[in-house]
Amino acid sequence: MADRKKITYRQALNEALHEEMARDESVFILGQDIAGGAQNEAPDEFDAWGGPFGVTKGLVGKYGKSRVRDTPITEGAIVGCAAGAAASGMRPIVELMFIDFLGFCLDQIMNQASPMRYMFGGKAKVPMVMRTMIGGGFSAAAQHSHSCHSLLVHLPGLKLVTPATPYDAKGLLKSAIRDDDFVIFVEHKGLYETKGPVPEEEYLLPLGKGEVVREGTDITIVAFSKMVLIAYEAAVKLEQDDISVEVVDPRSMSPLDEELILNSVRKTGHLIVVDEDNPRCSIATDVVALVSSKAFDSLNAAPKMLTPPHTPVPFSPALEKFYLPNADKLVELVKETVPAHA
Amino acid sequence: MAEVTTESPKETTAFADIDHAMGLRMYENMRRVRDFDEAVHELNAAGELPGFVHVYVGEEGIASGVMTAINDDDFITSTHRGHGHCVAKGVDISGMMAELYGRVTGICKGKGGSMHIADFSKGMLGANGIVAGSTPIAVGAALSAQMRNSGQVAVCFFGDGATNEGIFHESLNLASIWDLPCIFVCENNGYAQTTATSYAMNVKDLAVRAKSYNIPGVIIDGQDIIAVHRATKEAAARARAGKGPSLLECKTTRFYGHFEGDNLKYRDPNEAIEARKRDPLVLFANDVAPVIGVTGDEMKAIDEKVAAVIKKAIEFGKSSPFPEPEDCLNDVYVNY
């Protein structure tokens, strides 16, 4: 890796978009406020926001308003429009600002874009990406804090990736844009300011392949998105207790890197899954079911989950702190799960 | 702009713009659409076909009127009542019939069935089981055409019921603000399943909804293929000139029920009897053909040719093998 300063998750995404738009003219972006001020002519004004968190900043000045296309607030139409454009020769990236707005476009996701290839006998390609944001921790309450990605993982015909670091964000977004299937790209709003090393030279990361973020021998923690950072923090703290934690980031929820997870549990004999989605019928229960059914003999204790409770996301900081997983809660759960060393 | 106009049937008494070749094409197109779904109607009643089937019989003037007015490489999106659109756009009839039989030789290899026939090589981007579900997809195809500067248009077919869905509003609005080459063709057959249009909306002509988007809204007699053809030509010319979308409301009647097996208790039986007096094929044969020189013998020859095509399609469908059970597992992704 060529040496350069660490960049933020936001910059990493922005670089991926720049590179792929320069590389392929059929790539374009549509979404609300992705430039901002679309009614204005002056570049500074129409790139007023560059997306609500600045991820798409600077693109409109370089690629123009046709390829960096501000839309009305019309989620169903833009997701469906992306599917139609993808089916007819383009490679759209549509931004669903917050995953909380999923209800408005769910038909276009579950009945149109996802099953299109299958329904039409494998002859259709739907090379579209839907970028969206999850995550609590901002006192944004129940309608702007959802992490309901499990709802989407449930659907066949789409892929879903959840990068946790700037390096993963850039490599996975570039791959998602080049992929010929419908990919949902899930960003956590608590990650945009985080920094990490990203090489100068071009690289791609394969969809559906995870990584062992930190090796360990006593317990496997499978974590997704921002929860990978929490798992890493907990793992470092648990060193003091002489508990060796292996942190596994599958990086994609669909396809899920099953072998990576199973091999880790076969080694450690213990499993905790950490995710920010609600627990019922979730990716956390899915991973527990996977391990229970395919690596039961390797388990020395019941697999556990650290997720929020089955409630909407609360507003008050006092309540939201209780709601969200964090490293301290994870440390406690690990200590309950792994027997103390003699 | 935004004026709601009515295509007067009187205007169609002069056919200077429809030559003999176009007349033959129109008649054959309608005959194919009609005979395909009459065959499906009978096959379904005989218990030959699995699943839900919605036939297009009675509405042929619309699909054929539109399709004879656009180009082969233009896009269309369709509805659950989509056989007619597929046939009219040139999708292979044997492949369609095999699809309805659930056979591996079907146009979608038996994965889609009646409500999901598509053939991208013919610009047919899919029938659709979700009411109004295809409206933004047509908008996306139109956006693709505009961005690629290809000169193509996208025609979105939908029923009266679709215009009460939120996504209908979103789609027309988006197409309108971006001046997309999109033609929204509403097939108003008076019923959304069992529920009459008069109950479901407080306007008589849903073409007036075009006013909300500052685009032309045109009321058309859907039984009159010439009127549909002309209105489509005008809308397509406008779309290709970069002037944006249009909404065409084609008034029509389905001769049969919403789906095959519908008891039709919600509809006065006289409606179908009256509708058959305005059968689009009969209207064409009586009012148009003599004026443009299409003869009875020519139409009879087309009838025989199409009957043979349909017969062959049924034999092909019936005799084709089913998919292997494990085929259930493929075609979900390009790679996974």
# chains A, B, ... in the order shown; residues from 1 in each chain; ligands from 1
call {"tool": "residues_around", "arguments": {"residues": "region 139-153 of chain A", "least_positions_apart": "2", "cutoff": "7 Å", "atoms": "only C-alpha atoms", "output": "ChimeraX atom specification"}}
result
/A:98-100,134-137,155,160,253-254,276-277,282-283,312-317
call {"tool": "write_last_selection", "arguments": {"atoms": "C-alpha atoms", "output": "mmCIF file, in the first residue's frame"}}
result
data_model
loop_
_atom_site.group_PDB
_atom_site.id
_atom_site.type_symbol
_atom_site.label_atom_id
_atom_site.label_comp_id
_atom_site.auth_asym_id
_atom_site.auth_seq_id
_atom_site.Cartn_x
_atom_site.Cartn_y
_atom_site.Cartn_z
ATOM 1 C CA PHE A 98 -32.249 7.479 4.916
ATOM 2 C CA ILE A 99 -33.247 3.829 5.015
ATOM 3 C CA ASP A 100 -36.217 5.044 7.078
ATOM 4 C CA ILE A 134 -28.623 3.535 8.594
ATOM 5 C CA GLY A 135 -27.801 4.199 12.190
ATOM 6 C CA GLY A 136 -28.758 5.698 15.517
ATOM 7 C CA GLY A 137 -26.792 7.730 18.018
ATOM 8 C CA LEU A 155 -35.146 -10.474 -0.399
ATOM 9 C CA LEU A 160 -26.401 -5.911 0.293
ATOM 10 C CA MET A 253 -24.935 -9.416 4.408
ATOM 11 C CA SER A 254 -25.977 -10.829 1.042
ATOM 12 C CA GLU A 276 -27.788 -2.449 15.195
ATOM 13 C CA ASP A 277 -31.016 -3.783 13.668
ATOM 14 C CA SER A 282 -32.782 -10.165 11.688
ATOM 15 C CA ILE A 283 -29.298 -10.693 10.294
ATOM 16 C CA PRO A 312 -38.499 1.746 17.932
ATOM 17 C CA VAL A 313 -35.420 3.954 18.276
ATOM 18 C CA PRO A 314 -36.010 6.404 21.154
ATOM 19 C CA PHE A 315 -35.232 10.123 21.126
ATOM 20 C CA SER A 316 -33.815 10.992 24.541
ATOM 21 C CA PRO A 317 -30.042 10.477 24.827
#
call {"tool": "select_by_dssp", "arguments": {"residues": "region 5-152 of chain B", "states": "strand (DSSP E)", "output": "PyMOL selection string"}}
result
chain B and resi 5-6+75-77
call {"tool": "residues_around", "arguments": {"residues": "Arg103 (chain B)", "least_positions_apart": "4", "cutoff": "9 Å", "atoms": "only C-alpha atoms", "output": "ChimeraX atom specification"}}
result
/B:97-99,109-111,317-323
call {"tool": "write_last_selection", "arguments": {"atoms": "N, CA and C atoms", "output": "compact mmCIF listing (two decimals), in the first residue's frame"}}
result
# COMPACT_ATOMS: atom_id res chain seq x y z
N MET B 97 -46.77 -18.66 -25.43
CA MET B 97 -47.71 -19.74 -25.08
C MET B 97 -47.00 -20.78 -24.21
N ALA B 98 -45.75 -21.09 -24.56
CA ALA B 98 -44.99 -22.03 -23.74
C ALA B 98 -44.79 -21.49 -22.33
N GLU B 99 -44.62 -20.18 -22.22
CA GLU B 99 -44.48 -19.57 -20.90
C GLU B 99 -45.77 -19.76 -20.09
N LYS B 109 -38.54 -18.89 -19.63
CA LYS B 109 -38.15 -20.23 -19.16
C LYS B 109 -39.07 -20.78 -18.06
N GLY B 110 -40.31 -20.33 -18.07
CA GLY B 110 -41.24 -20.80 -17.05
C GLY B 110 -41.07 -20.15 -15.69
N LYS B 111 -40.28 -19.09 -15.63
CA LYS B 111 -40.05 -18.43 -14.33
C LYS B 111 -41.04 -17.29 -14.08
N GLY B 317 -46.36 -25.11 -27.04
CA GLY B 317 -46.44 -24.98 -25.58
C GLY B 317 -46.75 -26.30 -24.91
N LYS B 318 -47.77 -26.96 -25.45
CA LYS B 318 -48.24 -28.20 -24.85
C LYS B 318 -47.20 -29.32 -24.93
N SER B 319 -46.42 -29.32 -26.00
CA SER B 319 -45.49 -30.43 -26.21
C SER B 319 -44.10 -30.15 -25.64
N SER B 320 -43.88 -28.92 -25.19
CA SER B 320 -42.54 -28.59 -24.67
C SER B 320 -42.35 -29.19 -23.28
N PRO B 321 -41.09 -29.48 -22.93
CA PRO B 321 -40.83 -30.03 -21.60
C PRO B 321 -40.94 -28.97 -20.50
N PHE B 322 -41.27 -29.43 -19.31
CA PHE B 322 -41.20 -28.57 -18.14
C PHE B 322 -39.73 -28.30 -17.80
N PRO B 323 -39.46 -27.24 -17.05
CA PRO B 323 -38.08 -27.05 -16.57
C PRO B 323 -37.71 -28.18 -15.61
call {"tool": "atom_distance", "arguments": {"atom1": "CA of Ser78 (chain B)", "atom2": "CA of Ala83 (chain A)"}}
result
14.9 Å
call {"tool": "residues_around", "arguments": {"residues": "Ala231 (chain A)", "least_positions_apart": "3", "cutoff": "12 Å", "atoms": "only C-alpha atoms", "output": "PyMOL selection string"}}
result
chain A and resi 164+212-214+219-228+234-238+245-249+272-275+306+325-331+333-334
call {"tool": "write_last_selection", "arguments": {"atoms": "C-alpha atoms", "output": "tab-separated table (two decimals), in the first residue's frame"}}
result
chain	number	residue	atom	x	y	z
A	164	ALA	CA	-17.25	-0.52	8.20
A	212	VAL	CA	-11.10	-11.43	10.03
A	213	VAL	CA	-10.48	-7.94	11.39
A	214	ARG	CA	-8.64	-9.18	14.44
A	219	ILE	CA	-14.62	-16.24	21.01
A	220	THR	CA	-15.85	-15.08	17.63
A	221	ILE	CA	-17.66	-11.76	17.40
A	222	VAL	CA	-19.42	-11.32	14.08
A	223	ALA	CA	-20.15	-7.63	13.60
A	224	PHE	CA	-21.60	-5.53	10.81
A	225	SER	CA	-21.13	-1.90	9.76
A	226	LYS	CA	-20.37	0.43	12.67
A	227	MET	CA	-20.63	-2.48	15.10
A	228	VAL	CA	-17.27	-3.69	13.78
A	234	ALA	CA	-14.32	-4.52	23.10
A	235	ALA	CA	-11.70	-6.98	21.88
A	236	VAL	CA	-8.90	-4.62	22.91
A	237	LYS	CA	-10.46	-4.11	26.36
A	238	LEU	CA	-10.87	-7.86	26.86
A	245	VAL	CA	-11.45	-12.20	20.77
A	246	GLU	CA	-11.67	-12.83	17.05
A	247	VAL	CA	-13.58	-10.09	15.24
A	248	VAL	CA	-15.17	-11.10	11.94
A	249	ASP	CA	-16.63	-8.55	9.55
A	272	ILE	CA	-21.67	-13.40	19.64
A	273	VAL	CA	-23.31	-11.49	16.80
A	274	VAL	CA	-23.51	-7.70	17.09
A	275	ASP	CA	-25.82	-5.67	14.92
A	306	LEU	CA	-26.06	-8.06	21.10
A	325	PRO	CA	-25.10	-1.66	21.48
A	326	ASN	CA	-21.75	-0.38	22.73
A	327	ALA	CA	-18.35	-1.78	23.68
A	328	ASP	CA	-19.08	-1.95	27.41
A	329	LYS	CA	-22.23	-4.01	26.86
A	330	LEU	CA	-20.29	-6.26	24.55
A	331	VAL	CA	-17.48	-6.72	27.07
A	333	LEU	CA	-21.69	-10.23	27.32
A	334	VAL	CA	-18.37	-11.77	26.32
call {"tool": "closest_atom_pairs", "arguments": {"of": "region 130-213 of chain B", "to": "region 242-248 of chain B", "cutoff": "10 Å", "atoms": "only C-alpha atoms", "output": "tab-separated table"}}
result
residue	atom	partner	partner_atom	distance
B:Val139	CA	B:Pro245	CA	9.5
B:Ala142	CA	B:Pro245	CA	9.5
B:Gln146	CA	B:Gly242	CA	8.4
B:Gly151	CA	B:Gly242	CA	9.3
B:Val153	CA	B:Pro245	CA	9.4
B:Ala154	CA	B:Pro245	CA	9.4
B:Val155	CA	B:Pro245	CA	9.5
B:Cys156	CA	B:Leu247	CA	9.6
B:Phe157	CA	B:Leu248	CA	9.7
B:Leu172	CA	B:Pro245	CA	8.0
B:Asn173	CA	B:Pro245	CA	9.8
B:Leu174	CA	B:Pro245	CA	10.0
B:Ala175	CA	B:Pro245	CA	6.4
B:Ser176	CA	B:Pro245	CA	6.1
B:Ile177	CA	B:Gly244	CA	8.4
B:Trp178	CA	B:Gly244	CA	7.4
B:Asp179	CA	B:Gly244	CA	3.7
B:Leu180	CA	B:Gly244	CA	4.8
B:Pro181	CA	B:Gly244	CA	5.4
B:Cys182	CA	B:Pro245	CA	4.7
B:Ile183	CA	B:Ser246	CA	5.2
B:Phe184	CA	B:Leu247	CA	4.7
B:Val185	CA	B:Leu248	CA	4.9
B:Cys186	CA	B:Leu248	CA	6.0
B:Glu187	CA	B:Leu248	CA	8.6
B:Asn188	CA	B:Leu248	CA	10.0
B:Leu206	CA	B:Leu247	CA	9.3
B:Ala207	CA	B:Leu247	CA	6.5
B:Val208	CA	B:Leu247	CA	9.1
B:Arg209	CA	B:Leu247	CA	8.5
B:Ala210	CA	B:Leu247	CA	6.2
B:Lys211	CA	B:Leu247	CA	9.7
B:Tyr213	CA	B:Pro245	CA	9.4
call {"tool": "write_last_selection", "arguments": {"atoms": "C-alpha atoms", "output": "PDB file, in the first residue's frame"}}
result
ATOM      1  CA  VAL B 139     -39.682   6.679 -16.720  1.00  0.00           C
ATOM      2  CA  ALA B 142     -37.142   7.135 -21.024  1.00  0.00           C
ATOM      3  CA  GLN B 146     -32.669  10.765 -23.162  1.00  0.00           C
ATOM      4  CA  GLY B 151     -34.191   8.928 -29.976  1.00  0.00           C
ATOM      5  CA  VAL B 153     -39.439   6.622 -26.511  1.00  0.00           C
ATOM      6  CA  ALA B 154     -40.854   4.582 -23.636  1.00  0.00           C
ATOM      7  CA  VAL B 155     -44.552   3.762 -23.590  1.00  0.00           C
ATOM      8  CA  CYS B 156     -46.041   2.923 -20.214  1.00  0.00           C
ATOM      9  CA  PHE B 157     -49.326   0.981 -20.286  1.00  0.00           C
ATOM     10  CA  LEU B 172     -45.678  11.509 -14.163  1.00  0.00           C
ATOM     11  CA  ASN B 173     -44.207  14.322 -12.140  1.00  0.00           C
ATOM     12  CA  LEU B 174     -40.651  13.110 -12.654  1.00  0.00           C
ATOM     13  CA  ALA B 175     -41.169  12.498 -16.385  1.00  0.00           C
ATOM     14  CA  SER B 176     -42.676  15.940 -16.697  1.00  0.00           C
ATOM     15  CA  ILE B 177     -39.967  17.955 -14.912  1.00  0.00           C
ATOM     16  CA  TRP B 178     -37.235  16.256 -16.954  1.00  0.00           C
ATOM     17  CA  ASP B 179     -39.154  16.412 -20.282  1.00  0.00           C
ATOM     18  CA  LEU B 180     -38.639  12.684 -20.723  1.00  0.00           C
ATOM     19  CA  PRO B 181     -39.666  10.864 -23.921  1.00  0.00           C
ATOM     20  CA  CYS B 182     -42.393   8.902 -22.187  1.00  0.00           C
ATOM     21  CA  ILE B 183     -45.962   8.194 -23.262  1.00  0.00           C
ATOM     22  CA  PHE B 184     -48.350   7.202 -20.510  1.00  0.00           C
ATOM     23  CA  VAL B 185     -51.170   5.134 -21.991  1.00  0.00           C
ATOM     24  CA  CYS B 186     -54.076   4.558 -19.652  1.00  0.00           C
ATOM     25  CA  GLU B 187     -56.399   1.744 -20.634  1.00  0.00           C
ATOM     26  CA  ASN B 188     -59.542   2.863 -18.864  1.00  0.00           C
ATOM     27  CA  LEU B 206     -58.706  10.779 -15.887  1.00  0.00           C
ATOM     28  CA  ALA B 207     -56.904  12.533 -18.733  1.00  0.00           C
ATOM     29  CA  VAL B 208     -57.577  15.671 -16.683  1.00  0.00           C
ATOM     30  CA  ARG B 209     -54.929  14.416 -14.278  1.00  0.00           C
ATOM     31  CA  ALA B 210     -52.375  15.485 -16.906  1.00  0.00           C
ATOM     32  CA  LYS B 211     -53.054  19.069 -15.871  1.00  0.00           C
ATOM     33  CA  TYR B 213     -48.031  17.880 -14.599  1.00  0.00           C
TER      34      TYR B 213
END
call {"tool": "interface_residues", "arguments": {"of": "chain A", "to": "chain B", "cutoff": "6 Å", "atoms": "only C-alpha atoms", "output": "PyMOL selection string"}}
result
chain A and resi 77+80-82+84-85+88+118-122+157
call {"tool": "residues_around", "arguments": {"residues": "Asp224 (chain B)", "least_positions_apart": "6", "cutoff": "9 Å", "atoms": "only C-alpha atoms", "output": "NGL selection string"}}
result
:B and (9 or 12 or 61-62 or 65 or 278-281 or 283-284)
call {"tool": "closest_residue", "arguments": {"among": "A:Phe28, A:Asn278, A:Val183, A:Gly51", "to": "Gly208 (chain A)", "atoms": "only C-alpha atoms"}}
result
A:Val183
call {"tool": "closest_residue", "arguments": {"among": "A:Asn14, A:Thr162, A:Thr56, A:Ser293", "to": "Asp33 (chain A)", "atoms": "only C-alpha atoms"}}
result
A:Thr56
call {"tool": "select_by_dssp", "arguments": {"residues": "region 61-147 of chain B", "states": "alpha helix (DSSP H)", "output": "PDB file with N, CA and C atoms, in the first residue's frame"}}
result
ATOM      1  N   GLY B  61     -57.536  -2.487 -29.819  1.00  0.00           N
ATOM      2  CA  GLY B  61     -57.308  -1.228 -30.543  1.00  0.00           C
ATOM      3  C   GLY B  61     -56.206  -0.399 -29.910  1.00  0.00           C
ATOM      4  N   ILE B  62     -56.030  -0.576 -28.585  1.00  0.00           N
ATOM      5  CA  ILE B  62     -55.046   0.247 -27.879  1.00  0.00           C
ATOM      6  C   ILE B  62     -53.628  -0.275 -28.142  1.00  0.00           C
ATOM      7  N   ALA B  63     -53.385  -1.542 -27.787  1.00  0.00           N
ATOM      8  CA  ALA B  63     -52.025  -2.088 -27.971  1.00  0.00           C
ATOM      9  C   ALA B  63     -51.605  -1.990 -29.432  1.00  0.00           C
ATOM     10  N   SER B  64     -52.498  -2.367 -30.319  1.00  0.00           N
ATOM     11  CA  SER B  64     -52.133  -2.376 -31.737  1.00  0.00           C
ATOM     12  C   SER B  64     -52.036  -0.963 -32.293  1.00  0.00           C
ATOM     13  N   GLY B  65     -52.885  -0.077 -31.831  1.00  0.00           N
ATOM     14  CA  GLY B  65     -52.815   1.314 -32.274  1.00  0.00           C
ATOM     15  C   GLY B  65     -51.510   1.969 -31.848  1.00  0.00           C
ATOM     16  N   VAL B  66     -51.086   1.673 -30.617  1.00  0.00           N
ATOM     17  CA  VAL B  66     -49.829   2.241 -30.117  1.00  0.00           C
ATOM     18  C   VAL B  66     -48.646   1.625 -30.854  1.00  0.00           C
ATOM     19  N   MET B  67     -48.645   0.302 -30.929  1.00  0.00           N
ATOM     20  CA  MET B  67     -47.444  -0.377 -31.416  1.00  0.00           C
ATOM     21  C   MET B  67     -47.206  -0.139 -32.913  1.00  0.00           C
ATOM     22  N   HIS B  83     -50.693  -9.675 -22.143  1.00  0.00           N
ATOM     23  CA  HIS B  83     -50.436 -10.494 -23.341  1.00  0.00           C
ATOM     24  C   HIS B  83     -50.539  -9.657 -24.611  1.00  0.00           C
ATOM     25  N   GLY B  84     -51.547  -8.811 -24.634  1.00  0.00           N
ATOM     26  CA  GLY B  84     -51.792  -8.009 -25.833  1.00  0.00           C
ATOM     27  C   GLY B  84     -50.624  -7.096 -26.162  1.00  0.00           C
ATOM     28  N   HIS B  85     -50.040  -6.506 -25.121  1.00  0.00           N
ATOM     29  CA  HIS B  85     -48.901  -5.612 -25.368  1.00  0.00           C
ATOM     30  C   HIS B  85     -47.714  -6.397 -25.915  1.00  0.00           C
ATOM     31  N   CYS B  86     -47.512  -7.589 -25.352  1.00  0.00           N
ATOM     32  CA  CYS B  86     -46.381  -8.422 -25.788  1.00  0.00           C
ATOM     33  C   CYS B  86     -46.559  -8.841 -27.248  1.00  0.00           C
ATOM     34  N   VAL B  87     -47.731  -9.369 -27.557  1.00  0.00           N
ATOM     35  CA  VAL B  87     -47.981  -9.827 -28.927  1.00  0.00           C
ATOM     36  C   VAL B  87     -47.854  -8.656 -29.899  1.00  0.00           C
ATOM     37  N   ALA B  88     -48.458  -7.551 -29.539  1.00  0.00           N
ATOM     38  CA  ALA B  88     -48.439  -6.391 -30.436  1.00  0.00           C
ATOM     39  C   ALA B  88     -47.024  -5.864 -30.643  1.00  0.00           C
ATOM     40  N   LYS B  89     -46.164  -6.010 -29.625  1.00  0.00           N
ATOM     41  CA  LYS B  89     -44.777  -5.502 -29.750  1.00  0.00           C
ATOM     42  C   LYS B  89     -43.893  -6.484 -30.503  1.00  0.00           C
ATOM     43  N   ILE B  93     -44.841 -15.550 -30.268  1.00  0.00           N
ATOM     44  CA  ILE B  93     -46.114 -16.086 -29.771  1.00  0.00           C
ATOM     45  C   ILE B  93     -45.958 -17.504 -29.236  1.00  0.00           C
ATOM     46  N   SER B  94     -45.138 -18.311 -29.881  1.00  0.00           N
ATOM     47  CA  SER B  94     -44.925 -19.671 -29.376  1.00  0.00           C
ATOM     48  C   SER B  94     -44.225 -19.631 -28.021  1.00  0.00           C
ATOM     49  N   GLY B  95     -43.238 -18.747 -27.898  1.00  0.00           N
ATOM     50  CA  GLY B  95     -42.533 -18.596 -26.621  1.00  0.00           C
ATOM     51  C   GLY B  95     -43.465 -18.109 -25.526  1.00  0.00           C
ATOM     52  N   MET B  96     -44.395 -17.230 -25.884  1.00  0.00           N
ATOM     53  CA  MET B  96     -45.372 -16.756 -24.893  1.00  0.00           C
ATOM     54  C   MET B  96     -46.292 -17.885 -24.451  1.00  0.00           C
ATOM     55  N   MET B  97     -46.774 -18.660 -25.432  1.00  0.00           N
ATOM     56  CA  MET B  97     -47.706 -19.736 -25.079  1.00  0.00           C
ATOM     57  C   MET B  97     -46.996 -20.777 -24.210  1.00  0.00           C
ATOM     58  N   ALA B  98     -45.753 -21.088 -24.561  1.00  0.00           N
ATOM     59  CA  ALA B  98     -44.993 -22.035 -23.743  1.00  0.00           C
ATOM     60  C   ALA B  98     -44.793 -21.491 -22.331  1.00  0.00           C
ATOM     61  N   GLU B  99     -44.624 -20.178 -22.222  1.00  0.00           N
ATOM     62  CA  GLU B  99     -44.485 -19.569 -20.897  1.00  0.00           C
ATOM     63  C   GLU B  99     -45.767 -19.765 -20.085  1.00  0.00           C
ATOM     64  N   LEU B 100     -46.920 -19.568 -20.735  1.00  0.00           N
ATOM     65  CA  LEU B 100     -48.187 -19.747 -20.014  1.00  0.00           C
ATOM     66  C   LEU B 100     -48.381 -21.200 -19.583  1.00  0.00           C
ATOM     67  N   THR B 135     -44.767   2.037 -13.731  1.00  0.00           N
ATOM     68  CA  THR B 135     -44.722   3.436 -14.199  1.00  0.00           C
ATOM     69  C   THR B 135     -43.337   4.068 -14.027  1.00  0.00           C
ATOM     70  N   PRO B 136     -42.650   3.898 -12.892  1.00  0.00           N
ATOM     71  CA  PRO B 136     -41.311   4.512 -12.818  1.00  0.00           C
ATOM     72  C   PRO B 136     -40.284   3.775 -13.671  1.00  0.00           C
ATOM     73  N   ILE B 137     -40.542   2.503 -13.963  1.00  0.00           N
ATOM     74  CA  ILE B 137     -39.599   1.759 -14.805  1.00  0.00           C
ATOM     75  C   ILE B 137     -39.620   2.333 -16.226  1.00  0.00           C
ATOM     76  N   ALA B 138     -40.803   2.664 -16.708  1.00  0.00           N
ATOM     77  CA  ALA B 138     -40.892   3.321 -18.015  1.00  0.00           C
ATOM     78  C   ALA B 138     -40.203   4.686 -17.974  1.00  0.00           C
ATOM     79  N   VAL B 139     -40.354   5.381 -16.869  1.00  0.00           N
ATOM     80  CA  VAL B 139     -39.682   6.679 -16.720  1.00  0.00           C
ATOM     81  C   VAL B 139     -38.166   6.484 -16.787  1.00  0.00           C
ATOM     82  N   GLY B 140     -37.678   5.419 -16.163  1.00  0.00           N
ATOM     83  CA  GLY B 140     -36.242   5.128 -16.199  1.00  0.00           C
ATOM     84  C   GLY B 140     -35.756   4.778 -17.589  1.00  0.00           C
ATOM     85  N   ALA B 141     -36.558   4.030 -18.329  1.00  0.00           N
ATOM     86  CA  ALA B 141     -36.183   3.707 -19.706  1.00  0.00           C
ATOM     87  C   ALA B 141     -36.160   4.975 -20.553  1.00  0.00           C
ATOM     88  N   ALA B 142     -37.111   5.862 -20.299  1.00  0.00           N
ATOM     89  CA  ALA B 142     -37.142   7.135 -21.024  1.00  0.00           C
ATOM     90  C   ALA B 142     -35.943   8.004 -20.650  1.00  0.00           C
ATOM     91  N   LEU B 143     -35.573   7.971 -19.384  1.00  0.00           N
ATOM     92  CA  LEU B 143     -34.382   8.715 -18.947  1.00  0.00           C
ATOM     93  C   LEU B 143     -33.131   8.156 -19.623  1.00  0.00           C
ATOM     94  N   SER B 144     -33.055   6.826 -19.672  1.00  0.00           N
ATOM     95  CA  SER B 144     -31.933   6.171 -20.340  1.00  0.00           C
ATOM     96  C   SER B 144     -31.854   6.616 -21.804  1.00  0.00           C
ATOM     97  N   ALA B 145     -33.000   6.642 -22.473  1.00  0.00           N
ATOM     98  CA  ALA B 145     -33.042   7.067 -23.879  1.00  0.00           C
ATOM     99  C   ALA B 145     -32.585   8.515 -24.019  1.00  0.00           C
ATOM    100  N   GLN B 146     -33.053   9.349 -23.100  1.00  0.00           N
ATOM    101  CA  GLN B 146     -32.669  10.765 -23.162  1.00  0.00           C
ATOM    102  C   GLN B 146     -31.172  10.945 -22.924  1.00  0.00           C
ATOM    103  N   MET B 147     -30.635  10.229 -21.927  1.00  0.00           N
ATOM    104  CA  MET B 147     -29.211  10.385 -21.594  1.00  0.00           C
ATOM    105  C   MET B 147     -28.311   9.817 -22.685  1.00  0.00           C
TER     106      MET B 147
END
call {"tool": "closest_residue", "arguments": {"among": "A:Val161, A:Leu102, A:Ile78, A:Leu173", "to": "Glu20 (chain A)", "atoms": "only C-alpha atoms"}}
result
A:Leu173
call {"tool": "closest_residue", "arguments": {"among": "B:Ala285, B:Ala237, B:Val55, B:Ala275", "to": "Thr253 (chain B)", "atoms": "only C-alpha atoms"}}
result
B:Ala275
